[in-house]
Every structure is written in structure tokens, then in C-alpha cells.
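*Asks:* Below is the file model_35.json, with JSON, C-alpha atoms.
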[["chain", "number", "residue", "atom", "x", "y", "z"],
["A", 1, "MET", "CA", 212.15, -5.37, 67.31],
["A", 2, "ASP", "CA", 208.63, -6.66, 67.82],
["A", 3, "GLU", "CA", 209.52, -9.94, 69.46],
["A", 4, "PRO", "CA", 212.32, -8.63, 71.73],
["A", 5, "THR", "CA", 209.86, -6.16, 73.25],
["A", 6, "ALA", "CA", 206.87, -8.53, 73.48],
["A", 7, "ALA", "CA", 207.44, -9.25, 77.18],
["A", 8, "LEU", "CA", 207.69, -5.57, 78.12],
["A", 9, "ASP", "CA", 204.80, -3.51, 79.37],
["A", 10, "PRO", "CA", 203.51, -0.92, 76.85],
["A", 11, "LEU", "CA", 205.31, 2.04, 78.44],
["A", 12, "ALA", "CA", 208.66, 0.24, 78.60],
["A", 13, "GLU", "CA", 208.26, -0.88, 74.99],
["A", 14, "CYS", "CA", 207.59, 2.71, 73.95],
["A", 15, "GLN", "CA", 210.78, 3.82, 75.71],
["A", 16, "VAL", "CA", 212.81, 1.13, 73.90],
["A", 17, "TYR", "CA", 211.43, 2.25, 70.54],
["A", 18, "ALA", "CA", 212.08, 5.91, 71.32],
["A", 19, "GLY", "CA", 215.69, 5.10, 72.21],
["A", 20, "PHE", "CA", 216.09, 3.11, 69.03],
["A", 21, "ASP", "CA", 214.60, 5.98, 67.03],
["A", 22, "GLU", "CA", 217.18, 8.30, 68.56],
["A", 23, "MET", "CA", 219.97, 5.91, 67.52],
["A", 24, "VAL", "CA", 218.62, 5.65, 63.97],
["A", 25, "GLY", "CA", 218.66, 9.42, 63.52],
["A", 26, "ALA", "CA", 218.07, 10.50, 59.90],
["A", 27, "LYS", "CA", 218.19, 6.95, 58.52],
["A", 28, "THR", "CA", 215.09, 5.01, 57.56],
["A", 29, "ALA", "CA", 213.92, 2.31, 59.96],
["A", 30, "LEU", "CA", 210.89, 0.04, 60.04],
["A", 31, "TYR", "CA", 209.12, -0.52, 63.34],
["A", 32, "ILE", "CA", 206.65, -3.35, 63.73],
["A", 33, "SER", "CA", 204.40, -3.37, 66.75],
["A", 34, "HIS", "CA", 200.97, -4.41, 67.87],
["A", 35, "ARG", "CA", 201.08, -1.73, 70.55],
["A", 36, "LEU", "CA", 200.20, 1.63, 69.11],
["A", 37, "ALA", "CA", 201.94, 3.69, 71.79],
["A", 38, "SER", "CA", 205.15, 2.52, 70.17],
["A", 39, "CYS", "CA", 204.06, 4.11, 66.90],
["A", 40, "ARG", "CA", 203.31, 7.62, 68.15],
["A", 41, "PHE", "CA", 206.68, 9.06, 67.08],
["A", 42, "CYS", "CA", 206.66, 7.47, 63.60],
["A", 43, "GLN", "CA", 206.34, 9.81, 60.64],
["A", 44, "ASP", "CA", 204.47, 7.32, 58.44],
["A", 45, "ILE", "CA", 202.36, 4.50, 59.83],
["A", 46, "LEU", "CA", 200.93, 1.70, 57.72],
["A", 47, "VAL", "CA", 197.97, -0.17, 59.22],
["A", 48, "PHE", "CA", 197.56, -3.71, 57.94],
["A", 49, "ASP", "CA", 194.46, -5.88, 58.11],
["A", 50, "LYS", "CA", 194.51, -9.39, 56.67],
["A", 51, "GLY", "CA", 197.74, -8.65, 54.80],
["A", 52, "ARG", "CA", 196.50, -5.44, 53.17],
["A", 53, "ILE", "CA", 197.25, -1.82, 53.95],
["A", 54, "VAL", "CA", 193.98, -0.29, 55.14],
["A", 55, "GLN", "CA", 195.25, 3.06, 56.48],
["A", 56, "ARG", "CA", 198.32, 5.25, 56.19],
["A", 57, "GLY", "CA", 199.34, 8.44, 57.98],
["A", 58, "ASN", "CA", 200.96, 9.69, 61.17],
["A", 59, "HIS", "CA", 199.60, 9.02, 64.65],
["A", 60, "GLU", "CA", 197.53, 12.19, 64.91],
["A", 61, "GLN", "CA", 196.01, 11.76, 61.45],
["A", 62, "LEU", "CA", 195.10, 8.13, 62.04],
["A", 63, "LYS", "CA", 193.72, 8.77, 65.51],
["A", 64, "GLU", "CA", 191.32, 11.34, 64.05],
["A", 65, "GLN", "CA", 190.12, 9.12, 61.18],
["A", 66, "GLU", "CA", 187.46, 6.49, 61.62],
["A", 67, "GLY", "CA", 189.09, 3.14, 61.08],
["A", 68, "LEU", "CA", 191.12, 0.31, 62.48],
["A", 69, "TYR", "CA", 193.93, 2.46, 63.93],
["A", 70, "ARG", "CA", 191.55, 4.54, 66.05],
["A", 71, "GLU", "CA", 189.64, 1.43, 67.09],
["A", 72, "LEU", "CA", 192.85, -0.27, 68.23],
["A", 73, "TRP", "CA", 194.19, 2.91, 69.85],
["A", 74, "ASN", "CA", 191.01, 3.29, 71.90],
["A", 75, "ALA", "CA", 191.12, -0.38, 72.93],
["A", 76, "GLN", "CA", 194.75, -0.06, 74.09],
["A", 77, "ALA", "CA", 194.68, 3.52, 75.45],
["A", 78, "GLN", "CA", 193.98, 2.47, 79.03],
["A", 79, "TYR", "CA", 197.55, 1.09, 79.18],
["A", 80, "TYR", "CA", 199.25, 4.23, 77.88],
["A", 81, "GLU", "CA", 200.47, 7.26, 79.72],
["A", 82, "LEU", "CA", 198.74, 9.93, 77.65]]
Could I get this structure in the form of C-alpha cells?

*Replies:*
Amino acid sequence: MDEPTAALDPLAECQVYAGFDEMVGAKTALYISHRLASCRFCQDILVFDKGRIVQRGNHEQLKEQEGLYRELWNAQAQYYEL
């Protein structure tokens, strides 16, 4: 769902992902996004850098850790409704 939401603003993309998550229910689904607001509801987030997993956790855990996720979150946060 990354490409179909690429033209949406960050808040609209987050709403699309949240609706999709509701539809998925208890099943497993993979979400791929460059916008971290879309990842806030995910139970397990994998952060990739140059093809390698560099961090893993949920949104709150990753936001508290020093690393790429927090760096990207802070860079994008101005566009999110916190």
C-alpha cells in the first residue's frame, strides 16, 4: 500500500492505513511506508537502512531510543497531528 498512498498527505495516509488495519483485524499484515505516522499503530516495526534491519520495536519504544527511527520521526513530526 505504499505506492497507492504516495500522493496523499501524511494525515490522509495515516487514516487509510488505520482503516486497512481495522479490515485486517487479527490477521497478519505488512505495512510499508516512508511516513512514520502511518506506523504508529503497528505492533512490530522494522527499521531498514541500506537493506539491513537496524531497529525493531513498537512506535513508543523506537521513538524513545536513539537511532534512525527517532531521527526520521523528528524530521517528519511537523507534518503530523500529534

*Asks:* Please identify all polymer residues within 9 Å of Ser38 in chain A, counting all atoms listed in the file, omitting same-chain residues fewer than 5 positions from it, and present them as a PyMOL selection string.

*Replies:* chain A and resi 10-11+13-18+31-33

*Asks:* Any idea what the distance is between CA of Ile45 in chain A and CA of Leu62 in chain A?

*Replies:*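 Distance between the two atoms: 8.4 Å.
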
*Asks:* Report, in Å with one decimal, the straight-line distance from CA of Leu46 in chain A to CA of Leu68 in chain A.

*Replies:* 11.0 Å

*Asks:* Got a sec: who's within 12 Å of range 50-55 of chain A, counting all atoms listed in the file, leaving out chain neighbours fewer than 4 positions off, as number ranges by chain?

*Replies:* A: 44-46, 59, 61-70

*Asks:* Rounded to one decimal place, report the CA of Leu30 in chain A-CA of Glu71 in chain A distance in Å.

*Replies:*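 So the answer is 22.4 Å.
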
*Asks:* Using only C-alpha atoms, determine which residues lie at most 10 Å from Leu72 in chain A, disregarding the query and same-chain residues fewer than 6 positions distant; provide the list as a list in words.

*Replies:*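 The residues satisfying every condition are His34, Arg35, Leu36 and Lys63 of chain A.
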
*Asks:* Between A:Val24, A:Gly19, A:Glu60, A:Ala77, which is the closest to Arg40 in chain A once you count all atoms listed in the file?

*Replies:* A:Glu60

*Asks:* For Asp21 in chain A, which of A:Val47, A:Asn74, A:Cys39, A:Arg56 is the closest residue, counting all atoms listed in the file?

*Replies:* A:Cys39

*Asks:* With only C-alpha atoms as the basis for distance, which of A:Phe48, A:Asn58, A:Ala37, A:Gly25 is at the shortest distance from Ala12 in chain A?

*Replies:* A:Ala37
